[in-house]
Amino acid sequence: MKFFFGRSEETINTQTTSGDALKISDFTDPGSTPGNVGICLSGGGSRAMCAGMGQLRGLEHLQLNGKSLLSQTRAMSTVSGGSWIGQTFSYQDQAAVQDYLNEYVADLGKLVPTSTDYHSHAETLDYLPDGNPGNNINTKLFSPVGLAVSAFVLKSIFKVPKDMLWQMLIGYHILKPYGLYDPTAEQAPDSMFSFDQQSLQNDVLNLNPDLDEETVHLVARKPFPICNQAMFLVDPGMHFETLAPVQSTPFITGVVGTPTGNDANGKPAGGGGVTSFAFNSETTDIENNGTIEAEQERQWSLTDSVGTSSAFFAETLQNQFAEWEDDIDEFYDKVEEIYEEFVDWLKKLVESKSKPASYVLKKLLDGLQEASSEDKQQRRQKIKDLFSTIGLGREKLKASFAELSVEGLVPQYNYWPVSDPKPVANFQPTHFADGGNVENTGMGGLLAYEDIDRVITFNNTSDAMTSADLGVFDVNGNEIPDTQVYIGSNIPPLFGYQPYDNLKGYRLYKGDNDPASPEFAHSQIFPSSGFADLLQGLWKNSGNKAIPGSNQNAPIYRQTLDLQTNDWYGISGGRQIDVLWVYNNRVRDWYDQLNSDVQTLLGDFDDPESFNNFPNYKTINTNLNAQEINLLSSLTAWIIAGDDTQQTFLDMYSN
């Protein structure tokens with residue numbers, strides 16, 4: 001497998017690793033990591049971000065050998081909303097860890113709905129500390145409507161390309177509060193990332209001294225971060241589009257496996273990665289000594305990596321634009337609904353002194369501020385007139401929304417396979433997608449590293465675990481007893497099973513010529529026989545086997561599984577992996593320890609729709625309030641650090 005190092009717009013040199021399997025230790029000395037534990041934070045938007053915040057908090061709270069479990073974790077693999085929390089935690093150094101993750105409250109009875117005498121900020125559910133990522137989503141501007149309005153402004157005023165709109169929104173909301181998004185005057189990201197000063201010097205600057213003045217973000221703390229995306233493949237033999245898993249780390253970005261299918265230029269994808277700053281480049285020549293020349297408009301940034309990892313929401317915005325195309329008046333209504341947050345955001349854009357858009361932007365901001373004292377109806381009319389004044393009248397709006405609704409906000413980047421880096425005439429960019437579109441747990445990306453021996457996988461899904469009418473069917477078509485359990489679509493493909501079907505139960509991909517969710521058909525990394533055991537174990541440990549529907553205990557289960565070879569992910573099989581599965585679900589033991597005021601806030605424990613489906617908030621609910629954020633993170637932290645479960649997690653870190 002080859003990794004490439006070099007400089008933007010000039011040369012890229014090659015370095016060959018020994019063997020085909022990756023190791024964290026190939027790149028850096030991970031230090032003391034008893035158990036060689038890797039953790040996975042699944043996708044799921046703001047729900048996954050907040051659940052992940054609690055999970056990192058719980059691991060930070062638990063101590064072993066005088067250090068937190070989190071600091072002794074070897075690697076962290078993240079997807080989509082899990083990347084919002086995990087990748088920012090890894091690279092940011094502006095907020096103290098206790099503010100970023102919030103403090104762990106062991107006595108759940110001390111949690112209160114709002115500020116109350118004799119209760120700390122950490123115990124107050126409607127309070128978020130400065131530096132806490134919850135502040136970045138606790139706003140109407142991070143709602144689907146607010147994000148769509150912001151995307152429209154970026155495109156229409158700043159002329160941001162459609163394929164970069166979503167990534168820049170993530171830059172603004174998730175990364176910029178920690179100094180991790182450094183926009184140019186045109187709002188494009190203007191930075192790169194690496195591991196530490198030594199790797200930056202060796203892998204980048206020694207070869208590229210002209211990059212010495214560039215802004216670089218370095219990893220601030222353990223564990224080793226892996227951010228997962230997906231890339232569309234062209235496969236003439238398939239009747240649907242397939243996706244290749246892509247991973248981005250402080251050292252490399254690329255398709256480290258060898259999936260079936262070609263990139264946009266007709267070349268087989270996979271086989272390795274390039275030094276991360278040099279991703280999104282185009283090869284122009286290969287010299288006799290093997291040196292590769294390449295061109296690149298700008299360095300690959302955290303905005304690109306984290307934004308693409310969560311690109312699922314680009315489709316949501318596409319649907320919103322379609323609605324506004326049909327009803328322009330609804331657009332004016334929505335701008336009025338988010339008026340205050342929208343004005344604050346425009347102020348920040350004006351303060352950034354974006355020259356290409358400064359006049360139009362200031363004109364829009366000044367007009368909106370003049371309307372601040374008017375009633376809603378007058379303000380709505382003012383908004384309508386303002387957009388018309390800056391050249392965005394009804395017909396122009398309709399045409400813009402039509403363009404965005406048809407073509408969407410799908411990310412695209414230059415990609416070339418390391419196995420065949422020869423230049424291509426008429427080079428075309430390749431489309432990319434949310435990492436969850438191909439594998440939403442992050443397990444595939446993590447287990448590409450063979451020095452990971454144990455995995456804690458946090459499945460922060462929107463699907464509650466419930467009883468089902470049908471169960472798991474084996475290769476002979478026989479239903480396995482005691483497997484009538486419904487879980488979301490994240491886990492079954494890891495065992496070669498299709499997600500649950502109301503008429504078929506859980507059926508294998510193997511032998512099915514027309515499977516459901518074919519995009520997950522290449523995700524199997526564990527024996528199919530282990531899936532029934534997992535369902536039985538989760539159901540039993542949650543208390544549901546003894547009392548169906550009780551959800552008495554935390555849904556966690558530890559398995560030892562034989563790892564299978566998976567060429568799509570670059571996974572070498574033939575070894576055993578200990579996996580601790582943690583499933584996002586209600587837990588009565590946690591609820592019973594809350595005081596009556598907080599229980600009233602949550603509502604009836606047995607009503608799955610109470611408190612906005614807590615803790616299984618819908619993925620589309622991107623803006624959560626402080627109480628929703630704090631309750632979800634409290635639950636997920638307690639599942640790790642609570643008295644009844646903490647030993648299970650401590651045992652994962654034993655030698």
# chains A, B, ... in the order shown; residues from 1 in each chain; ligands from 1
$ residues_around --residues "A:Val455" --least-positions-apart "4" --cutoff "9 Å" --atoms "only C-alpha atoms" --output "PDB file with N, CA and C atoms, in the first residue's frame"
ATOM      1  N   ASN A  36      -5.633  -1.938  23.952  1.00  0.00           N
ATOM      2  CA  ASN A  36      -5.657  -1.425  22.576  1.00  0.00           C
ATOM      3  C   ASN A  36      -7.092  -1.168  22.120  1.00  0.00           C
ATOM      4  N   VAL A  37      -7.788  -0.335  22.877  1.00  0.00           N
ATOM      5  CA  VAL A  37      -9.214  -0.079  22.659  1.00  0.00           C
ATOM      6  C   VAL A  37      -9.405   1.028  21.623  1.00  0.00           C
ATOM      7  N   GLY A  38     -10.305   0.786  20.690  1.00  0.00           N
ATOM      8  CA  GLY A  38     -10.786   1.825  19.792  1.00  0.00           C
ATOM      9  C   GLY A  38     -12.244   2.090  20.075  1.00  0.00           C
ATOM     10  N   ILE A  39     -12.680   3.333  19.934  1.00  0.00           N
ATOM     11  CA  ILE A  39     -14.091   3.652  20.133  1.00  0.00           C
ATOM     12  C   ILE A  39     -14.684   4.161  18.826  1.00  0.00           C
ATOM     13  N   CYS A  40     -15.979   3.920  18.652  1.00  0.00           N
ATOM     14  CA  CYS A  40     -16.713   4.360  17.468  1.00  0.00           C
ATOM     15  C   CYS A  40     -17.887   5.220  17.887  1.00  0.00           C
ATOM     16  N   MET A 443     -17.097   1.319  12.440  1.00  0.00           N
ATOM     17  CA  MET A 443     -16.333   0.093  12.716  1.00  0.00           C
ATOM     18  C   MET A 443     -15.424  -0.267  11.549  1.00  0.00           C
ATOM     19  N   LEU A 446     -12.286   1.839  11.564  1.00  0.00           N
ATOM     20  CA  LEU A 446     -11.436   1.562  12.717  1.00  0.00           C
ATOM     21  C   LEU A 446     -10.685   0.248  12.568  1.00  0.00           C
ATOM     22  N   LEU A 447     -11.374  -0.801  12.128  1.00  0.00           N
ATOM     23  CA  LEU A 447     -10.761  -2.132  12.100  1.00  0.00           C
ATOM     24  C   LEU A 447      -9.870  -2.349  10.892  1.00  0.00           C
ATOM     25  N   ILE A 577     -11.681 -10.152  17.887  1.00  0.00           N
ATOM     26  CA  ILE A 577     -11.910  -8.800  18.379  1.00  0.00           C
ATOM     27  C   ILE A 577     -12.946  -8.852  19.498  1.00  0.00           C
ATOM     28  N   ASP A 578     -12.660  -8.191  20.601  1.00  0.00           N
ATOM     29  CA  ASP A 578     -13.658  -8.010  21.655  1.00  0.00           C
ATOM     30  C   ASP A 578     -14.440  -6.737  21.350  1.00  0.00           C
ATOM     31  N   VAL A 579     -15.756  -6.852  21.283  1.00  0.00           N
ATOM     32  CA  VAL A 579     -16.603  -5.700  20.961  1.00  0.00           C
ATOM     33  C   VAL A 579     -17.602  -5.481  22.086  1.00  0.00           C
ATOM     34  N   LEU A 580     -17.632  -4.268  22.598  1.00  0.00           N
ATOM     35  CA  LEU A 580     -18.649  -3.870  23.565  1.00  0.00           C
ATOM     36  C   LEU A 580     -19.652  -2.993  22.834  1.00  0.00           C
ATOM     37  N   TRP A 581     -20.862  -3.521  22.660  1.00  0.00           N
ATOM     38  CA  TRP A 581     -21.918  -2.809  21.948  1.00  0.00           C
ATOM     39  C   TRP A 581     -22.708  -1.964  22.936  1.00  0.00           C
ATOM     40  N   MET A 652     -12.638  -3.399  29.710  1.00  0.00           N
ATOM     41  CA  MET A 652     -12.169  -3.315  28.327  1.00  0.00           C
ATOM     42  C   MET A 652     -10.737  -2.799  28.262  1.00  0.00           C
TER      43      MET A 652
END
$ residues_around --residues "A:Phe331" --least-positions-apart "5" --cutoff "12 Å" --atoms "only C-alpha atoms" --output "list in words"
Val145, Gly146, Ala148, Val149, Ser150, Phe152, Gln320, Phe321, Ala322, Glu323, Trp324, Glu325, Asp326, Glu336, Glu337, Ile338, Arg380, Gln381, Ile383, Lys384, Phe387, Gly393, Arg394, Leu397, Lys398 and Phe401 of chain A
$ residues_around --residues "stretch 101-114 of chain A" --least-positions-apart "4" --cutoff "6 Å" --atoms "only C-alpha atoms" --output "list in words"
Met53, Arg57, Val97, Ala122, Glu123, Thr124, Leu125, Asp126, Gln593, Leu594, Asn595 and Val598 of chain A
$ residues_around --residues "stretch 368-378 of chain A" --least-positions-apart "6" --cutoff "12 Å" --atoms "only C-alpha atoms" --output "MDAnalysis selection string"
chainID A and resid 332:347 361:362 384:387
$ write_last_selection --atoms "N, CA and C atoms" --output "short mmCIF file (atom, residue, chain, number, x, y, z; two decimals), in the first residue's frame"
data_model
loop_
_atom_site.label_atom_id
_atom_site.label_comp_id
_atom_site.auth_asym_id
_atom_site.auth_seq_id
_atom_site.Cartn_x
_atom_site.Cartn_y
_atom_site.Cartn_z
N TYR A 332 -39.96 33.80 2.58
CA TYR A 332 -40.00 35.03 3.37
C TYR A 332 -40.47 34.75 4.80
N ASP A 333 -41.45 33.87 4.95
CA ASP A 333 -41.96 33.52 6.28
C ASP A 333 -40.85 32.91 7.14
N LYS A 334 -40.07 32.02 6.54
CA LYS A 334 -39.04 31.33 7.30
C LYS A 334 -37.90 32.27 7.69
N VAL A 335 -37.54 33.20 6.81
CA VAL A 335 -36.51 34.18 7.16
C VAL A 335 -36.98 35.01 8.35
N GLU A 336 -38.27 35.36 8.37
CA GLU A 336 -38.80 36.14 9.49
C GLU A 336 -38.76 35.32 10.78
N GLU A 337 -39.00 34.02 10.69
CA GLU A 337 -39.00 33.16 11.87
C GLU A 337 -37.63 33.08 12.52
N ILE A 338 -36.58 33.13 11.72
CA ILE A 338 -35.22 33.02 12.26
C ILE A 338 -34.52 34.38 12.27
N TYR A 339 -35.32 35.44 12.26
CA TYR A 339 -34.82 36.80 12.06
C TYR A 339 -33.62 37.14 12.94
N GLU A 340 -33.73 37.00 14.26
CA GLU A 340 -32.68 37.45 15.16
C GLU A 340 -31.38 36.68 14.93
N GLU A 341 -31.48 35.35 14.83
CA GLU A 341 -30.28 34.53 14.60
C GLU A 341 -29.66 34.84 13.24
N PHE A 342 -30.51 35.10 12.24
CA PHE A 342 -30.03 35.40 10.89
C PHE A 342 -29.26 36.72 10.87
N VAL A 343 -29.78 37.73 11.57
CA VAL A 343 -29.10 39.02 11.64
C VAL A 343 -27.75 38.88 12.33
N ASP A 344 -27.70 38.13 13.42
CA ASP A 344 -26.44 37.93 14.13
C ASP A 344 -25.39 37.27 13.22
N TRP A 345 -25.84 36.31 12.42
CA TRP A 345 -24.92 35.61 11.52
C TRP A 345 -24.41 36.57 10.43
N LEU A 346 -25.30 37.40 9.89
CA LEU A 346 -24.88 38.37 8.87
C LEU A 346 -23.88 39.37 9.45
N LYS A 347 -24.05 39.74 10.70
CA LYS A 347 -23.09 40.64 11.35
C LYS A 347 -21.70 40.03 11.34
N LEU A 361 -23.95 42.49 1.10
CA LEU A 361 -24.17 41.93 2.43
C LEU A 361 -24.53 43.03 3.43
N LYS A 362 -23.80 44.12 3.39
CA LYS A 362 -24.08 45.21 4.33
C LYS A 362 -25.43 45.85 4.06
N LYS A 384 -39.04 40.85 2.23
CA LYS A 384 -39.37 40.64 0.81
C LYS A 384 -38.80 41.76 -0.05
N ASP A 385 -38.98 42.99 0.40
CA ASP A 385 -38.48 44.13 -0.37
C ASP A 385 -36.95 44.15 -0.42
N LEU A 386 -36.32 43.79 0.68
CA LEU A 386 -34.86 43.80 0.75
C LEU A 386 -34.24 42.83 -0.25
N PHE A 387 -34.77 41.62 -0.30
CA PHE A 387 -34.22 40.64 -1.24
C PHE A 387 -34.39 41.12 -2.68
#
$ atom_distance --atom1 "atom CA of A:Asn414" --atom2 "atom CA of A:Ser281"
5.5 Å
$ closest_residue --among "A:Leu535, A:Tyr653, A:Asp434, A:Ser523" --to "A:Gly471" --atoms "only C-alpha atoms"
A:Leu535
$ select_by_dssp --residues "stretch 2-98 of chain A" --states "strand (DSSP E or B)" --output "list of chain:residue names"
A:Lys2, A:Phe3, A:Phe4, A:Phe5, A:Gly6, A:Thr11, A:Ile12, A:Asn13, A:Thr14, A:Gln15, A:Thr16, A:Leu22, A:Val37, A:Gly38, A:Ile39, A:Cys40, A:Leu41, A:Gln63, A:Leu64, A:Lys67, A:Ser68, A:Ala75, A:Met76, A:Ser77, A:Thr78, A:Val79
$ residues_around --residues "A:Asn136" --least-positions-apart "4" --cutoff "12 Å" --atoms "only C-alpha atoms" --output "VMD selection string"
chain A and resid 46 49 to 50 84 to 85 100 128 to 132 140 to 143 169 to 178 341 622 to 626 629
$ residues_around --residues "A:Asn426" --least-positions-apart "3" --cutoff "12 Å" --atoms "only C-alpha atoms" --output "JSON, numbers by chain"
{"A": [264, 265, 266, 282, 283, 284, 423, 429]}
$ atom_distance --atom1 "atom CA of A:Tyr617" --atom2 "atom CA of A:Asn460"
9.8 Å
$ residues_around --residues "A:Arg588" --least-positions-apart "4" --cutoff "6 Å" --atoms "only C-alpha atoms" --output "ChimeraX atom specification"
/A:551-552,592
$ atom_distance --atom1 "atom CA of A:Ser405" --atom2 "atom CA of A:Glu186"
23.1 Å
$ closest_residue --among "A:Ile452, A:Ser542, A:Asn566, A:Asp304" --to "A:Gly496" --atoms "only C-alpha atoms"
A:Asn566
$ closest_residue --among "A:Lys222, A:His61, A:Lys23, A:Lys618" --to "A:Thr88" --atoms "only C-alpha atoms"
A:Lys222
